[in-house]
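Peer 1: Quick one: the structure is below, questions incoming.
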Amino acid sequence: MNRRELVLQAFRDPASLTGLDLMQWDLLLRQARQANLLVSLYILLIDKELIEAIPEQPRRHLEWSHSVTERYKQAVLWEIGFIQKALGEAGVRLILLKGAAYVMARLPHARGRTFSDIDILVPKDSLGNVEASLMLHGWQATHHDEYDQRYYRNWMHEIPPMQHAKRMSVIDVHHAILPVTAPIHPDSRKLLAAARQVDAQGDVFVFSPADMVLHSAVHLFHDGEYDNGLRDLVDIHGLLQHYGATPGFWAILTARARELELTRPLFYALRYAALLLHTPVPAQALQDADIGRPGPLLLKLMDQLFMRALLPHHPSCDDGWTASARAILYIRANWLRMPPWLLVRHLFHKAFLSPKKEG
Amino acid sequence: MISIPDQTVDASDGDVFSSVAWRAIDGAAEIRHWGDEYVVYNVRSGNTHLLGFAAGQIFLKLQQSAADAGSLASMLAIDWQLDPDAEFMQQIASLLADLDALALIERA
Amino acid sequence: MTVSSLTPTELAARLKRGLFLRTGAFTVKLQTTIPNVSEGVRLLYADYPLASEDFADFHVSLSRPFNLRRWFKPQVWFRLEGIAPFQPLPYDQSFPLLEWGLNWCVSYHANSYLMIHAAVVEKDGHAAILPAPPGSGKSTLCAALVNRGWRLLSDELTLIRLSDGAIVPLPRPVSLKNASIDVIKKFVPTAVFSRAVDDTLKGTVAHMKPSADSVVRAGETAKPGWIIFPQYQADAATRLEAIPPSRAFMRVADNAFNYSQLGQCGFEALAALIDQSAAYDFTYSVLDEAIAAFGALQAPAPRP
């Protein structure tokens, strides 16, 4: 079994895990821990009823990672309750994104998922009200540096993260899923319009299934930090497997990608999920998504970059090119977010002028 | 400290003295007691609280069934063999407010 | 096969590529070329079993950074799988850093236990748990007790197994500070100590070798018995005062590493521990009197 691809192997063929020896388990656990996928591995083995077949020494590491997830989930629900209250008073619907959305929607792959911030999407013109209401309810601004404030407010798709003074939890308020300065502008109003309630009676909303997939794809293939890259790809894998069973989903997905001008990220999402995790994607869907295919040379380059950067950020998964791949993708991501003159200024400022963080 | 004459009720306490019923939030807490004190774990907030005898008894009563401040006070006065005077009512009201603030009880 | 079966050269070679060591319920792979650490391991971990080299719970390393400071104020880093949980310390403190690092590894990850920041010793199958903030004299008392008939389970980390409430040993070198080092050296002339290291954040620190017996019996769990909050007070009379269980619960929760993260499981495990233990505040100034007081402790009556 390929050492570099142990974690991938786990998702492609969970049953094969029962054949691993202790040395392979030792390595797999370290890769999975680095990739933030220990709990996902545990859930996978529980679902396939394979957990008893795993030797005790590695098994307890999986159990350790799982034992704190119940409390974590309660904490997230508790926090969402407070956010609901604040947004309710601002007259704005609560639309959750990413990890918090997966957890609230009770998506199977999101059991035990952890994340540091809660992300929400609000209409751009309500940002002022939302920010004010959050402050009234105890959240405080972070990133007091003037440049950072401008970076977020003028150029990015979110206001600077806010932290609650007592509970220390952090909320990211987005008004779009891509920065203002990016070359494409998926219409936030369409995303908001298609959002659906999580529960029949509640007033917490999440994206429609297709929009969830597309947002995850945009997030993964436009952001520059790949420390959680494999975990994000596993999210996409989970979303596609779960919603893929719904009739009509794939056609809606590819059509929506065209509507929101997100055919390129969708192409990458389907391609790398299928290549790395063997996600079952219907041939018709691949064909429909092909409209987002980049030119052959660019595709070759992207393959080289992503097939490395999406592996766990662990020495045993690196080859000689991995560090460069990550660096190139970081620059690419910033390139995609902002025009060249802004990019240079941003990187310059980040490197030399931002106050050094402690610790 | 607001003093409350026999039959009348101070307006600012109107809330807890009204016939609004309280109940323990369903499934929200685990409680244990040793001697006269109670330790309560609030499943939702993740906080653990040490409750005195009175607060613990109120919480247990509200776990069994919903009650408004008045009937709660009457029941407890009998249990504890105390006179349900104004000061007693005030203490009950105060403890209800505390339990509410800890998100252990809610208005029914 | 134990560490003592290796010659110093063999030990250094193993440490260079990674020494697999069994400490209580955990296997550690320790990689380092630092001589202080090698010496500390040779001396204090002599009785510890070597583990098979296919699996380790924690892959840790101690290394000197290759930078300009290397020559005039050298430092040492502790890493777990390449990540450093702490800032580096002065090079001289390498062995204490190993001990602090190993404690961190367990307390941060081993969530099948409720973990309390407390020493724990055992006699006749019952455990006396000694939670205490620094300066309370907990370690001195612990070091004395384990040389007067009590078995060392741990001097820092009390592990309560969630599945059955058993107290699981993690015997490792006992850390002592400042004046306690001399006190225990006098109290136990035969005790084996690591070289004392000055100027740490905690003052002067040295580690005492745990008895071979405690290491051999690391697999033997204990039942709850007593929870005793020690407080050394110069010239004070020896005094044992019962603590109401509800108060003991809150104080132990305050001293636990992962009580909050374990949520309801943590609450239930702690409640069970309190049910089965007698809790006391303990004041002492004379070690011999303290030992006698502990000797007189009655096993708590089983509660219904």
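Naming scheme: A, B, ... for chains in displayed order of the structure tokens; residues 1 onward per chain; ligands 1 onward as shown.
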Compile the residues of chain B that lie within 12 Å of chain C, evaluated using only C-alpha atoms, and express the compilation as a ChimeraX atom specification.
Peer 2: /B:27-53
Peer 1: Please produce, as JSON lines, a per-residue contact table for chain A versus chain B (criterion: any atom at most 10 Å away, only C-alpha atoms considered), showing the nearest atom pair and its distance in Å to one decimal, sorted by chain then residue number.
Peer 2:
```
{"residue": "A:Glu70", "atom": "CA", "partner": "B:Val43", "partner_atom": "CA", "distance": 10.0}
{"residue": "A:Arg71", "atom": "CA", "partner": "B:Gly46", "partner_atom": "CA", "distance": 7.2}
{"residue": "A:Tyr72", "atom": "CA", "partner": "B:Gly46", "partner_atom": "CA", "distance": 9.4}
{"residue": "A:Lys73", "atom": "CA", "partner": "B:Arg44", "partner_atom": "CA", "distance": 9.4}
{"residue": "A:Gln74", "atom": "CA", "partner": "B:Arg44", "partner_atom": "CA", "distance": 5.6}
{"residue": "A:Ala75", "atom": "CA", "partner": "B:Ser45", "partner_atom": "CA", "distance": 6.6}
{"residue": "A:Val76", "atom": "CA", "partner": "B:Arg44", "partner_atom": "CA", "distance": 9.4}
{"residue": "A:Leu77", "atom": "CA", "partner": "B:Arg44", "partner_atom": "CA", "distance": 7.8}
{"residue": "A:Trp78", "atom": "CA", "partner": "B:Arg44", "partner_atom": "CA", "distance": 6.1}
{"residue": "A:Glu79", "atom": "CA", "partner": "B:Ser45", "partner_atom": "CA", "distance": 8.9}
```
Peer 1: So that I can see what lies close to stretch 70-77 of chain B, please list as JSON, numbers by chain the residues with an atom at most 9 Å from it, counting only C-alpha atoms and leaving out residues fewer than 2 positions away in the same chain.
Peer 2: {"B": [16, 17, 18, 19, 54, 57, 58, 61, 62, 67, 68, 79, 80, 81, 82, 83, 84, 88, 89, 92, 93]}
Peer 1: Using only C-alpha atoms, I'd like every residue of chain C that has an atom within 7 Å of chain A; please write them out as a PyMOL selection string.
Peer 2: chain C and resi 54-56+109-112+261-263
Peer 1: Produce a file of the selected residues containing C-alpha atoms, as a PDB file, in the first residue's frame.
Peer 2:
```pdb
ATOM      1  CA  ASP C  54       5.826  -1.021  14.960  1.00  0.00           C
ATOM      2  CA  PHE C  55       3.492   1.335  16.798  1.00  0.00           C
ATOM      3  CA  ALA C  56       3.791   4.266  19.173  1.00  0.00           C
ATOM      4  CA  HIS C 109      -5.124  13.389  23.723  1.00  0.00           C
ATOM      5  CA  ALA C 110      -6.110  10.486  25.949  1.00  0.00           C
ATOM      6  CA  ASN C 111      -9.823  11.213  26.097  1.00  0.00           C
ATOM      7  CA  SER C 112     -10.921   7.773  27.161  1.00  0.00           C
ATOM      8  CA  GLN C 261     -14.438  18.486  26.724  1.00  0.00           C
ATOM      9  CA  LEU C 262     -15.856  15.190  27.931  1.00  0.00           C
ATOM     10  CA  GLY C 263     -19.223  16.810  28.546  1.00  0.00           C
TER      11      GLY C 263
END
```
Peer 1: Suppose you want the space between atom CA of C:Arg251 and atom CA of A:Ser169; what is it in Å?
Peer 2: 25.9 Å
Peer 1: List the spatial neighbours of C:Ile167 as a ChimeraX atom specification - criterion: any atom at most 8 Å away, only C-alpha atoms, same-chain residues fewer than 6 positions off excluded.
Peer 2: /C:127,158-161,221-224
Peer 1: Could the residues in this selection be written to a file with N, CA and C atoms, as a compact mmCIF listing (two decimals), in the first residue's frame?
Peer 2:
```
# COMPACT_ATOMS: atom_id res chain seq x y z
N ALA C 127 -6.98 4.01 45.94
CA ALA C 127 -6.14 5.13 45.51
C ALA C 127 -6.39 6.38 46.33
N THR C 158 -3.70 12.01 37.06
CA THR C 158 -4.55 10.92 37.53
C THR C 158 -5.50 10.56 36.40
N LEU C 159 -5.48 9.29 36.01
CA LEU C 159 -6.32 8.85 34.89
C LEU C 159 -7.48 8.02 35.42
N ILE C 160 -8.69 8.50 35.21
CA ILE C 160 -9.88 7.74 35.61
C ILE C 160 -10.49 7.17 34.34
N ARG C 161 -10.46 5.86 34.21
CA ARG C 161 -10.97 5.24 32.99
C ARG C 161 -12.48 5.43 32.90
N THR C 221 -4.63 -1.69 38.01
CA THR C 221 -5.42 -0.49 38.31
C THR C 221 -5.80 -0.46 39.79
N ALA C 222 -6.39 0.65 40.21
CA ALA C 222 -6.82 0.80 41.60
C ALA C 222 -8.26 1.29 41.65
N LYS C 223 -8.90 1.07 42.81
CA LYS C 223 -10.26 1.58 43.02
C LYS C 223 -10.16 2.94 43.70
N PRO C 224 -11.19 3.78 43.54
CA PRO C 224 -11.16 5.06 44.25
C PRO C 224 -11.13 4.82 45.76
```
Peer 1: Determine which residues of stretch 27-101 of chain B receive a DSSP assignment of helix (DSSP H, G or I), computed from the backbone, and state them as an MDAnalysis selection string.
Peer 2: chainID B and resid 53:64 69:80 86:101
Peer 1: Write the residues of the selection above to a file with C-alpha atoms, as a CSV table (one decimal), in the first residue's frame.
Peer 2:
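Saved result, selection_21.csv, follows:
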```csv
chain,number,residue,atom,x,y,z
B,53,PHE,CA,-30.6,23.2,48.7
B,54,ALA,CA,-33.5,25.5,47.8
B,55,ALA,CA,-32.4,26.0,44.2
B,56,GLY,CA,-31.9,22.2,43.7
B,57,GLN,CA,-35.3,21.4,45.1
B,58,ILE,CA,-37.0,24.0,42.9
B,59,PHE,CA,-35.2,22.5,39.9
B,60,LEU,CA,-36.3,19.0,40.8
B,61,LYS,CA,-39.9,20.1,41.2
B,62,LEU,CA,-39.8,21.8,37.8
B,63,GLN,CA,-38.4,18.6,36.3
B,64,GLN,CA,-41.4,16.7,37.5
B,69,ALA,CA,-44.0,30.8,41.2
B,70,GLY,CA,-47.1,30.9,43.4
B,71,SER,CA,-47.9,27.2,43.5
B,72,LEU,CA,-44.2,26.3,43.6
B,73,ALA,CA,-43.8,28.5,46.7
B,74,SER,CA,-46.9,26.8,48.3
B,75,MET,CA,-45.6,23.3,47.7
B,76,LEU,CA,-42.1,24.1,49.0
B,77,ALA,CA,-43.4,25.9,52.0
B,78,ILE,CA,-45.2,22.7,53.0
B,79,ASP,CA,-42.2,20.5,52.2
B,80,TRP,CA,-39.9,22.6,54.2
B,86,ALA,CA,-43.3,37.8,51.4
B,87,GLU,CA,-39.6,37.2,52.0
B,88,PHE,CA,-40.1,33.5,51.2
B,89,MET,CA,-41.8,34.5,47.9
B,90,GLN,CA,-39.1,36.9,47.1
B,91,GLN,CA,-36.4,34.2,47.6
B,92,ILE,CA,-38.3,31.8,45.4
B,93,ALA,CA,-38.6,34.5,42.7
B,94,SER,CA,-35.0,35.2,42.9
B,95,LEU,CA,-34.0,31.6,42.6
B,96,LEU,CA,-36.2,31.2,39.6
B,97,ALA,CA,-34.5,34.1,38.0
B,98,ASP,CA,-31.1,32.5,38.7
B,99,LEU,CA,-32.1,29.2,37.2
B,100,ASP,CA,-33.5,31.0,34.2
B,101,ALA,CA,-30.2,32.8,33.8
```
Peer 1: Go ahead and compute the interatomic distance for atom CA of A:His222 and atom CA of A:Arg4, in Å to one decimal.
Peer 2: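 Calculated distance between atom CA of A:His222 and atom CA of A:Arg4 is 24.5 Å.
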Peer 1: Output as a PyMOL selection string all residues of stretch 18-69 of chain B that backbone DSSP marks as strand (DSSP E or B).
Peer 2: chain B and resi 21-24+29-34+37-42+48-51+67-68
Peer 1: Print the selection's residues with N, CA and C atoms to a file, as a PDB file, in the first residue's frame.
Peer 2:
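File produced: result_9.pdb:
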```pdb
ATOM      1  N   ALA B  21     -46.006  29.964  34.005  1.00  0.00           N
ATOM      2  CA  ALA B  21     -45.492  28.716  34.551  1.00  0.00           C
ATOM      3  C   ALA B  21     -44.056  28.497  34.092  1.00  0.00           C
ATOM      4  N   TRP B  22     -43.294  27.862  34.943  1.00  0.00           N
ATOM      5  CA  TRP B  22     -41.916  27.511  34.615  1.00  0.00           C
ATOM      6  C   TRP B  22     -41.802  26.001  34.517  1.00  0.00           C
ATOM      7  N   ARG B  23     -40.809  25.555  33.737  1.00  0.00           N
ATOM      8  CA  ARG B  23     -40.493  24.123  33.752  1.00  0.00           C
ATOM      9  C   ARG B  23     -39.008  23.962  33.472  1.00  0.00           C
ATOM     10  N   ALA B  24     -38.488  22.819  33.888  1.00  0.00           N
ATOM     11  CA  ALA B  24     -37.080  22.532  33.592  1.00  0.00           C
ATOM     12  C   ALA B  24     -36.986  22.264  32.093  1.00  0.00           C
ATOM     13  N   ALA B  29     -30.405  18.838  31.506  1.00  0.00           N
ATOM     14  CA  ALA B  29     -29.469  18.783  32.630  1.00  0.00           C
ATOM     15  C   ALA B  29     -29.404  17.419  33.296  1.00  0.00           C
ATOM     16  N   GLU B  30     -28.238  17.157  33.857  1.00  0.00           N
ATOM     17  CA  GLU B  30     -27.992  15.994  34.714  1.00  0.00           C
ATOM     18  C   GLU B  30     -27.764  16.545  36.104  1.00  0.00           C
ATOM     19  N   ILE B  31     -28.372  15.928  37.098  1.00  0.00           N
ATOM     20  CA  ILE B  31     -28.225  16.474  38.444  1.00  0.00           C
ATOM     21  C   ILE B  31     -27.876  15.375  39.439  1.00  0.00           C
ATOM     22  N   ARG B  32     -26.985  15.698  40.370  1.00  0.00           N
ATOM     23  CA  ARG B  32     -26.648  14.768  41.442  1.00  0.00           C
ATOM     24  C   ARG B  32     -26.690  15.555  42.749  1.00  0.00           C
ATOM     25  N   HIS B  33     -26.961  14.840  43.851  1.00  0.00           N
ATOM     26  CA  HIS B  33     -26.868  15.576  45.101  1.00  0.00           C
ATOM     27  C   HIS B  33     -26.137  14.787  46.163  1.00  0.00           C
ATOM     28  N   TRP B  34     -25.441  15.524  46.977  1.00  0.00           N
ATOM     29  CA  TRP B  34     -24.804  14.975  48.158  1.00  0.00           C
ATOM     30  C   TRP B  34     -25.161  15.907  49.305  1.00  0.00           C
ATOM     31  N   GLU B  37     -26.539  19.845  49.010  1.00  0.00           N
ATOM     32  CA  GLU B  37     -26.213  20.595  47.814  1.00  0.00           C
ATOM     33  C   GLU B  37     -26.354  19.733  46.571  1.00  0.00           C
ATOM     34  N   TYR B  38     -26.507  20.405  45.461  1.00  0.00           N
ATOM     35  CA  TYR B  38     -26.707  19.719  44.185  1.00  0.00           C
ATOM     36  C   TYR B  38     -25.653  20.167  43.192  1.00  0.00           C
ATOM     37  N   VAL B  39     -25.239  19.233  42.357  1.00  0.00           N
ATOM     38  CA  VAL B  39     -24.345  19.605  41.263  1.00  0.00           C
ATOM     39  C   VAL B  39     -25.105  19.325  39.971  1.00  0.00           C
ATOM     40  N   VAL B  40     -25.184  20.329  39.118  1.00  0.00           N
ATOM     41  CA  VAL B  40     -25.978  20.207  37.894  1.00  0.00           C
ATOM     42  C   VAL B  40     -25.108  20.416  36.673  1.00  0.00           C
ATOM     43  N   TYR B  41     -25.237  19.528  35.693  1.00  0.00           N
ATOM     44  CA  TYR B  41     -24.535  19.713  34.425  1.00  0.00           C
ATOM     45  C   TYR B  41     -25.557  20.129  33.370  1.00  0.00           C
ATOM     46  N   ASN B  42     -25.338  21.295  32.782  1.00  0.00           N
ATOM     47  CA  ASN B  42     -26.223  21.774  31.717  1.00  0.00           C
ATOM     48  C   ASN B  42     -25.672  21.257  30.392  1.00  0.00           C
ATOM     49  N   THR B  48     -21.206  23.529  34.451  1.00  0.00           N
ATOM     50  CA  THR B  48     -21.545  22.763  35.650  1.00  0.00           C
ATOM     51  C   THR B  48     -21.781  23.746  36.781  1.00  0.00           C
ATOM     52  N   HIS B  49     -22.870  23.545  37.523  1.00  0.00           N
ATOM     53  CA  HIS B  49     -23.207  24.496  38.574  1.00  0.00           C
ATOM     54  C   HIS B  49     -23.404  23.811  39.911  1.00  0.00           C
ATOM     55  N   LEU B  50     -23.022  24.512  40.974  1.00  0.00           N
ATOM     56  CA  LEU B  50     -23.273  24.044  42.332  1.00  0.00           C
ATOM     57  C   LEU B  50     -24.517  24.771  42.811  1.00  0.00           C
ATOM     58  N   LEU B  51     -25.539  24.031  43.147  1.00  0.00           N
ATOM     59  CA  LEU B  51     -26.775  24.670  43.609  1.00  0.00           C
ATOM     60  C   LEU B  51     -26.996  24.387  45.083  1.00  0.00           C
ATOM     61  N   ALA B  67     -44.784  24.595  36.859  1.00  0.00           N
ATOM     62  CA  ALA B  67     -45.500  25.259  37.951  1.00  0.00           C
ATOM     63  C   ALA B  67     -45.216  26.745  37.888  1.00  0.00           C
ATOM     64  N   ASP B  68     -46.176  27.542  38.352  1.00  0.00           N
ATOM     65  CA  ASP B  68     -45.875  28.975  38.425  1.00  0.00           C
ATOM     66  C   ASP B  68     -45.284  29.273  39.809  1.00  0.00           C
TER      67      ASP B  68
END
```
Peer 1: Just checking: using only C-alpha atoms, which residue out of C:Leu80, C:Ala278, C:Leu19, C:Cys265 ends up closest to C:Tyr108?
Peer 2: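 Result for the nearest residue to C:Tyr108: C:Leu80.
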Peer 1: Grab the atom CA of C:Ala206 to atom CA of C:Ala119 distance for me, in Å with one decimal place.
Peer 2: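 Between atom CA of C:Ala206 and atom CA of C:Ala119 the gap works out to 16.6 Å.
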Peer 1: Mind checking which residues fall within 7 Å of C:Ser194, counting only C-alpha atoms, ignoring those fewer than 4 positions away in the same chain, and posting them as number ranges by chain?
Peer 2: C: 40, 206-208
Peer 1: Could the residues in this selection be written to a file with C-alpha atoms, as an mmCIF file, in the first residue's frame?
Peer 2:
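What landed in result_11.cif:
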```
data_model
loop_
_atom_site.group_PDB
_atom_site.id
_atom_site.type_symbol
_atom_site.label_atom_id
_atom_site.label_comp_id
_atom_site.auth_asym_id
_atom_site.auth_seq_id
_atom_site.Cartn_x
_atom_site.Cartn_y
_atom_site.Cartn_z
ATOM 1 C CA GLY C 40 18.170 11.109 32.213
ATOM 2 C CA ALA C 206 15.015 17.441 39.675
ATOM 3 C CA HIS C 207 13.307 14.126 39.010
ATOM 4 C CA MET C 208 13.241 11.077 41.261
#
```
Peer 1: Residues at most 9 Å from C:Val121, counting only C-alpha atoms, excluding those fewer than 4 positions away in the same chain, as a short mmCIF file (atom, residue, chain, number, x, y, z; two decimals) with C-alpha atoms, in the first residue's frame?
Peer 2:
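Full text of selection.cif as output:
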```cif
data_model
loop_
_atom_site.label_atom_id
_atom_site.label_comp_id
_atom_site.auth_asym_id
_atom_site.auth_seq_id
_atom_site.Cartn_x
_atom_site.Cartn_y
_atom_site.Cartn_z
CA HIS C 126 -7.43 1.91 46.99
CA ALA C 127 -6.14 5.13 45.51
CA ALA C 128 -5.44 8.41 47.27
CA ILE C 129 -5.75 11.26 44.76
CA LEU C 130 -3.86 14.43 45.61
CA CYS C 142 3.82 12.04 46.95
CA LEU C 145 4.50 8.34 50.45
CA VAL C 146 5.83 6.17 47.65
CA TRP C 150 2.40 3.43 48.96
CA ARG C 151 2.64 2.52 45.28
CA LEU C 152 3.20 5.34 42.79
CA LEU C 153 0.48 5.55 40.16
CA SER C 154 1.39 9.05 38.97
CA ASP C 155 2.83 12.27 40.32
CA PRO C 169 -1.40 4.01 36.60
#
```
Peer 1: Using only C-alpha atoms, find the one residue out of A:Ala289, A:Leu8, A:Leu62, A:Leu134 that sits nearest to A:Phe267.
Peer 2: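 Going through A:Ala289, A:Leu8, A:Leu62, A:Leu134 one by one, the smallest distance to A:Phe267 is for A:Ala289.
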Peer 1: Leaving out C:Asp199 and any residue of its chain fewer than 6 positions from it, which residues lie within 10 Å of it when counting only C-alpha atoms, given as a list in words?
Peer 2: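 Selected residues are Pro90, Asp92, Gln93 and Val205 of chain C.
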Peer 1: Selection from above, N, CA and C atoms, as a PDB file, in the first residue's frame, can you write it?
Peer 2:
```
ATOM      1  N   PRO C  90      15.665  26.783  27.568  1.00  0.00           N
ATOM      2  CA  PRO C  90      17.125  26.678  27.564  1.00  0.00           C
ATOM      3  C   PRO C  90      17.562  25.221  27.495  1.00  0.00           C
ATOM      4  N   ASP C  92      19.739  23.467  28.776  1.00  0.00           N
ATOM      5  CA  ASP C  92      20.017  22.780  30.030  1.00  0.00           C
ATOM      6  C   ASP C  92      18.782  22.074  30.586  1.00  0.00           C
ATOM      7  N   GLN C  93      17.602  22.539  30.194  1.00  0.00           N
ATOM      8  CA  GLN C  93      16.351  22.015  30.736  1.00  0.00           C
ATOM      9  C   GLN C  93      15.748  20.924  29.870  1.00  0.00           C
ATOM     10  N   VAL C 205      14.721  22.256  39.496  1.00  0.00           N
ATOM     11  CA  VAL C 205      13.906  21.062  39.296  1.00  0.00           C
ATOM     12  C   VAL C 205      14.786  19.824  39.209  1.00  0.00           C
TER      13      VAL C 205
END
```
